[in-house]
Amino acid sequence: MRRILFLIALVAQVMTMSAAKQKVAIDRIDPTDWFVGMKNPSLQLMVYGKDIASVQEVTTDYPGAVVDSVVRLDSPNYLLVYMNLRNAQPGTMTLKFNLEKRKTLTYNYTLKAREMSGDKRIGFDISDVLYMLMPDRFAQGAGHNPQVKGMRPYKEDRTQPSLRHGGDLNGIREHLDYFNELGVTALWLTPVLENDSPDNEQGYSTYHGYATTDYYRVDPRFGTNADYRRLCDEAHAKGLKVVMDMIFNHSGFEHPWTHDMPTKDWLNLPEWLQQSQGTSNPTGTSFLQTSYKLTPVKDPYASQVDLRETVDGWFVPTMPDLNQRNQHLMTYLIQNSKWWIETIGIDGIRMDTYPYADARGMARWMKELDEEYPNFNTVGETWVTEPAYTAAWQKDSRLSKENSYLKTVMDFSFFDKLSQAKNEETDPWWQGLNRLYNSFVYDYLYEDPTHVMAFIDNHDTDRFLGNGKDTLALKQALALLMTVRRIPQLYYGTEILMNGTKEVTDGNVRKDFPGGFPGDKRNAFTKEGRTRAENGMFNWLSRLLHWRNGNETIIRGYQTQFIPYNGIYVITRRWHRNTVMTILNGTSKEAVLEVARYAELFDDGQDVSHVQDVATGRYYDLTKNLKLKPRQSLVLEF
């Protein structure tokens with residue numbers, strides 16, 4: 001018995017000595033640095049490192065900085081340090097991580113001064129026109145590296161629609177003058193953060209950016225954090241805002257959290273990962289994919305199974321679903337958005353897959369962001385085509401029991417109705433442009449219709465032109481988009497008639513911008529490189545965009561719409577004595593606008609015999625009936 005006890009003691013001693021020899025180290029800390037002078041002085045530090053949770057105490061003697069608490073999670077390889085920086089000044093703060101036997105790890109952490117107070121950060125609004133582009137598909141800058149060392153296996157191949165094509169941030173920066181020439185005022189870039197997932201055997205990659213593997217690093221294939229800052233600074237110098245695309249609903253499979261979850265509930269429904277032995281192959285596992293049906297989130301009669309499938313189900317097996325109900329995770333994500341605002345100077349956020357995430361967690365994020373940056377703006381992707389659903393997500397909505405605090409929502413009803421109307425004849429009741437009229441009648445549901453973003457296509461839809469080149473329909477859509485009471489968003493290449501559908505692959509609606517890459521046969525960034533038809537559309541839209549820029553009637557004017565009559569839809573904006581009258585012939589034949597029906601738009605004694613169409617410069621006489629060509633669109637100002 002004594003011998004057995006001796007052996008047990010010896011084994012225990014060996015294990016203790018072995019553990020003592022293991023070197024506890026700090027691999028990284030998120031956020032990488034922070035800012036003093038924030039309204040919320042609390043700072044969460046997520047410390048990564050082997051067995052870092054064995055740290056007994058964390059201290060600092062930095063003036064004005066206090067360690068509030070240290071939180072150990074389920075994984076021993078993470079440690080959360082909560083600090084209060086209320087009275088701290090910029091400088092280098094030394095953190096001491098005290099181990100057993102008086103051993104100490106030190107880490108120098110940078111605290112920075114803010115460039116401006118949060119209320120001076122001005123977001124995008126109805127005075128702007130957003131231009132959405134995909135960095136990988138827009139343009140490649142000088143000195144581009146086609147194979148970045150240290151990344152998981154990938155290749156750039158522009159012949160393959162689902163592989164990387166090599167666009168980058170410098171390519172966008174080198175074409176800032178193009179956006180000024182076109183007349184847009186804000187750039188929405190699809191996600192630029194690291195997506196370090198390998199290409200798969202089927203020829204797919206994460207070129208799109210929606211599978212984040214590092215929340216504090218620009219993907220090296222796009223450039224560096226410094227490149228992102230330079231792009232933002234130079235865009236600002238040219239009067240352009242920058243909107244950052246973020247994703248809180250899910251991360252990329254190769255994020256460290258997937259294979260070493262900080263807590264057991266860091267991800268939604270992670271059990272299947274054990275069954276798959278840590279792979280993204282769901283075959284034979286309990287994997288649950290989202291239903292992609294967002295209605296249960298607002299449905300007062302929703303079943304638990306439907307709601308669970310929507311919110312907790314994963315978007316795809318390679319995108320782990322984050323659990324925003326975990327308060328530590330939500331704090332991490334909230335801080336991350338603030339860090340990018342302060343570090344890069346972005347002017348807005350577009351949040352992907354908004355209703356798929358936990359509503360209360362997202363409301364907490366929006367409330368905190370609004371408190372810190374009251375004049376900033378965030379738009380959430382709310383993909384349901386009924387106005388009542390969309391309106392319920394808007395800040396202060398009377399339609400929702402709980403406030404989302406989300407200022408701006410996306411108008412999928414406008415997109416959906418327009419997509420149908422373009423292929424129909426406008427009849428006396430429901431078809432054609434009646435669909436748009438019958439969508440706008442529900443604007444009373446919105447707390448603020450000027451904080452609704454409208455679009456005719458984007459990276460997740462067929463392009464408006466489909467596989468054709470119907471410029472008449474496109475001009476009608478753009479005339480409406482630029483004059484109604486909405487924040488308009490364009491999709492890159494629409495101005496040069498880029499088309500395509502998703503019937504084979506998403507890559508066919510995300511083609512490279514002609515002239516953005518070395519070896520391109522033509523350069524559509526220039527007049528000389530565009531075809532006659534492309535120049536015609538570019539010039540028409542550019543005139544409309546420049547006219548819209550700073551136009552008080554469009555920015556502040558109230559809206560009046562007329563039920564489509566004789567196939568003609570009229571919608572107007574009025575501010576003081578100024579009127580903008582958008583006229584659309586929703587039929588494929590000639591139609592006559594009976595001017596007397598719109599007499600309420602004309603002030604007594606007002607001369608409307610010589611009214612200009614802002615997109616073409618031509619003049620029209622509104623003292624008599626107006627003959628319209630098939631599918632003609634006019635934007636008249638008087």
# chains A, B, ... in the order shown; residues from 1 in each chain; ligands from 1
$ residues_around --residues "segment 92-105 of chain A" --least-positions-apart "5" --cutoff "8 Å" --atoms "only C-alpha atoms" --output "VMD selection string"
chain A and resid 25 54 to 62 110 to 111
$ residues_around --residues "Arg548 of chain A" --least-positions-apart "6" --cutoff "10 Å" --atoms "only C-alpha atoms" --output "ChimeraX atom specification"
/A:127-129,183-184,482-483,542,554-555,614
$ select_by_dssp --residues "segment 221-362 of chain A" --states "alpha helix (DSSP H)" --output "ChimeraX atom specification"
/A:225-237,256-259,271-275,304-311,327-344,359-362
$ write_last_selection --atoms "C-alpha atoms" --output "CSV table (one decimal), in the first residue's frame"
chain,number,residue,atom,x,y,z
A,225,ASN,CA,-5.5,48.4,-42.1
A,226,ALA,CA,-3.3,51.4,-43.2
A,227,ASP,CA,-4.5,51.0,-46.8
A,228,TYR,CA,-8.1,51.1,-45.6
A,229,ARG,CA,-7.4,54.2,-43.6
A,230,ARG,CA,-5.7,55.9,-46.6
A,231,LEU,CA,-8.7,55.0,-48.8
A,232,CYS,CA,-11.1,56.5,-46.3
A,233,ASP,CA,-9.0,59.7,-45.8
A,234,GLU,CA,-8.7,60.3,-49.6
A,235,ALA,CA,-12.4,59.5,-50.1
A,236,HIS,CA,-13.2,62.2,-47.5
A,237,ALA,CA,-10.9,64.6,-49.2
A,256,PRO,CA,-10.2,30.6,-33.7
A,257,TRP,CA,-13.6,30.6,-31.9
A,258,THR,CA,-14.9,27.7,-34.0
A,259,HIS,CA,-12.3,25.1,-32.9
A,271,GLU,CA,-23.0,20.1,-31.0
A,272,TRP,CA,-22.7,19.0,-34.6
A,273,LEU,CA,-19.1,20.1,-34.8
A,274,GLN,CA,-18.2,17.2,-32.4
A,275,GLN,CA,-20.1,14.8,-34.6
A,304,GLN,CA,-40.7,27.8,-31.3
A,305,VAL,CA,-39.4,25.4,-33.9
A,306,ASP,CA,-39.8,28.0,-36.7
A,307,LEU,CA,-38.1,30.8,-34.6
A,308,ARG,CA,-35.3,28.5,-33.6
A,309,GLU,CA,-34.6,27.5,-37.2
A,310,THR,CA,-34.4,31.1,-38.3
A,311,VAL,CA,-32.3,32.6,-35.5
A,327,GLN,CA,-23.2,39.1,-23.2
A,328,HIS,CA,-19.4,38.7,-23.5
A,329,LEU,CA,-19.6,38.0,-27.2
A,330,MET,CA,-22.0,40.9,-27.7
A,331,THR,CA,-19.6,43.3,-25.9
A,332,TYR,CA,-16.8,42.1,-28.1
A,333,LEU,CA,-18.8,42.8,-31.3
A,334,ILE,CA,-20.0,46.2,-30.0
A,335,GLN,CA,-16.4,47.3,-29.2
A,336,ASN,CA,-15.3,46.1,-32.6
A,337,SER,CA,-17.7,48.4,-34.5
A,338,LYS,CA,-16.6,51.3,-32.3
A,339,TRP,CA,-12.9,50.5,-33.0
A,340,TRP,CA,-13.4,50.6,-36.8
A,341,ILE,CA,-15.2,54.0,-36.5
A,342,GLU,CA,-12.4,55.5,-34.4
A,343,THR,CA,-9.5,53.8,-36.3
A,344,ILE,CA,-10.6,54.2,-39.9
A,359,ALA,CA,-32.9,40.9,-31.7
A,360,ARG,CA,-32.2,42.0,-28.1
A,361,GLY,CA,-28.4,41.7,-28.5
A,362,MET,CA,-28.6,43.7,-31.7
$ residues_around --residues "segment 433-448 of chain A" --least-positions-apart "6" --cutoff "7 Å" --atoms "only C-alpha atoms" --output "PDB file with C-alpha atoms, in the first residue's frame"
ATOM      1  CA  PRO A 387     -43.400  47.213 -45.691  1.00  0.00           C
ATOM      2  CA  ALA A 388     -44.954  46.346 -42.327  1.00  0.00           C
ATOM      3  CA  ALA A 391     -40.976  49.218 -40.683  1.00  0.00           C
ATOM      4  CA  ASP A 396     -38.828  53.769 -32.243  1.00  0.00           C
ATOM      5  CA  SER A 397     -41.305  51.804 -34.368  1.00  0.00           C
ATOM      6  CA  SER A 413     -40.592  46.018 -51.006  1.00  0.00           C
ATOM      7  CA  PHE A 414     -39.384  48.696 -53.448  1.00  0.00           C
ATOM      8  CA  LYS A 417     -42.308  45.554 -56.696  1.00  0.00           C
ATOM      9  CA  LEU A 418     -40.002  47.207 -59.219  1.00  0.00           C
ATOM     10  CA  ALA A 421     -43.319  46.028 -62.640  1.00  0.00           C
ATOM     11  CA  THR A 426     -49.360  49.309 -66.048  1.00  0.00           C
ATOM     12  CA  ILE A 563     -52.583  56.720 -58.694  1.00  0.00           C
ATOM     13  CA  PRO A 564     -51.351  55.555 -62.126  1.00  0.00           C
ATOM     14  CA  TYR A 569     -47.354  57.084 -62.780  1.00  0.00           C
ATOM     15  CA  GLY A 586     -45.601  52.348 -67.540  1.00  0.00           C
TER      16      GLY A 586
END
$ residues_around --residues "segment 521-537 of chain A" --least-positions-apart "5" --cutoff "9 Å" --atoms "only C-alpha atoms" --output "PyMOL selection string"
chain A and resi 175+178+471+475+494-497+513-516+542
$ write_last_selection --atoms "N, CA and C atoms" --output "CSV table (one decimal), in the first residue's frame"
chain,number,residue,atom,x,y,z
A,175,HIS,N,-9.4,55.0,-58.2
A,175,HIS,CA,-10.5,55.4,-59.0
A,175,HIS,C,-11.5,56.3,-58.3
A,178,TYR,N,-13.4,58.7,-60.4
A,178,TYR,CA,-14.5,58.2,-61.2
A,178,TYR,C,-15.8,58.4,-60.5
A,471,THR,N,-32.7,49.6,-71.6
A,471,THR,CA,-32.3,50.9,-71.0
A,471,THR,C,-33.5,51.8,-70.6
A,475,LYS,N,-33.9,53.3,-67.0
A,475,LYS,CA,-34.0,54.7,-66.7
A,475,LYS,C,-35.2,55.0,-65.8
A,494,THR,N,-23.9,49.4,-62.8
A,494,THR,CA,-25.3,49.7,-63.4
A,494,THR,C,-25.2,50.9,-64.4
A,495,GLU,N,-24.3,51.8,-64.0
A,495,GLU,CA,-24.2,53.0,-64.9
A,495,GLU,C,-23.6,52.7,-66.2
A,496,ILE,N,-23.0,51.5,-66.4
A,496,ILE,CA,-22.4,51.1,-67.7
A,496,ILE,C,-23.1,49.9,-68.3
A,497,LEU,N,-24.3,49.6,-67.8
A,497,LEU,CA,-25.2,48.6,-68.3
A,497,LEU,C,-24.7,47.2,-68.0
A,513,PHE,N,-15.3,44.9,-63.0
A,513,PHE,CA,-15.6,46.2,-63.7
A,513,PHE,C,-14.5,46.3,-64.8
A,514,PRO,N,-15.0,46.5,-66.1
A,514,PRO,CA,-14.1,46.5,-67.2
A,514,PRO,C,-13.1,47.7,-67.1
A,515,GLY,N,-11.8,47.3,-67.1
A,515,GLY,CA,-10.7,48.3,-67.0
A,515,GLY,C,-10.2,48.4,-65.6
A,516,GLY,N,-10.7,47.6,-64.7
A,516,GLY,CA,-10.2,47.7,-63.3
A,516,GLY,C,-9.0,46.8,-63.1
A,542,SER,N,-25.3,60.4,-64.6
A,542,SER,CA,-24.5,61.3,-64.0
A,542,SER,C,-25.1,62.7,-63.9
$ closest_residue --among "A:Val509, A:Val242, A:Leu269, A:Ala142" --to "His208 of chain A" --atoms "only C-alpha atoms"
A:Val509
$ residues_around --residues "Val70 of chain A" --least-positions-apart "6" --cutoff "9 Å" --atoms "only C-alpha atoms" --output "PyMOL selection string"
chain A and resi 57-58+79-83
$ write_last_selection --atoms "N, CA and C atoms" --output "compact mmCIF listing (two decimals), in the first residue's frame"
# COMPACT_ATOMS: atom_id res chain seq x y z
N GLU A 57 -4.25 36.97 -11.33
CA GLU A 57 -4.65 38.35 -11.13
C GLU A 57 -4.12 39.20 -12.27
N VAL A 58 -4.86 40.23 -12.63
CA VAL A 58 -4.41 41.20 -13.63
C VAL A 58 -4.45 42.58 -12.99
N LEU A 79 -9.05 34.74 -21.68
CA LEU A 79 -9.27 35.46 -20.44
C LEU A 79 -9.87 36.81 -20.79
N LEU A 80 -10.94 37.17 -20.11
CA LEU A 80 -11.54 38.48 -20.33
C LEU A 80 -11.17 39.40 -19.18
N VAL A 81 -10.64 40.57 -19.53
CA VAL A 81 -10.29 41.58 -18.54
C VAL A 81 -11.16 42.80 -18.79
N TYR A 82 -11.97 43.15 -17.81
CA TYR A 82 -12.83 44.33 -17.93
C TYR A 82 -12.20 45.48 -17.17
N MET A 83 -12.06 46.61 -17.87
CA MET A 83 -11.40 47.76 -17.30
C MET A 83 -12.30 49.00 -17.36
$ select_by_dssp --residues "segment 305-533 of chain A" --states "strand (DSSP E)" --output "VMD selection string"
chain A and resid 348 to 351 378 to 380 408 to 410 452 to 455 487 to 491
$ atom_distance --atom1 "atom CA of Pro76 of chain A" --atom2 "atom CA of Pro262 of chain A"
8.1 Å
$ atom_distance --atom1 "atom CA of Arg217 of chain A" --atom2 "atom CA of Met410 of chain A"
27.4 Å
$ atom_distance --atom1 "atom CA of Glu590 of chain A" --atom2 "atom CA of Leu626 of chain A"
10.6 Å
$ closest_residue --among "A:Glu386, A:Asp68, A:Asp136, A:Asp119" --to "Asp512 of chain A" --atoms "only C-alpha atoms"
A:Asp136
$ residues_around --residues "Asn180 of chain A" --least-positions-apart "3" --cutoff "9 Å" --atoms "only C-alpha atoms" --output "PyMOL selection string"
chain A and resi 176-177+183-185+238-240
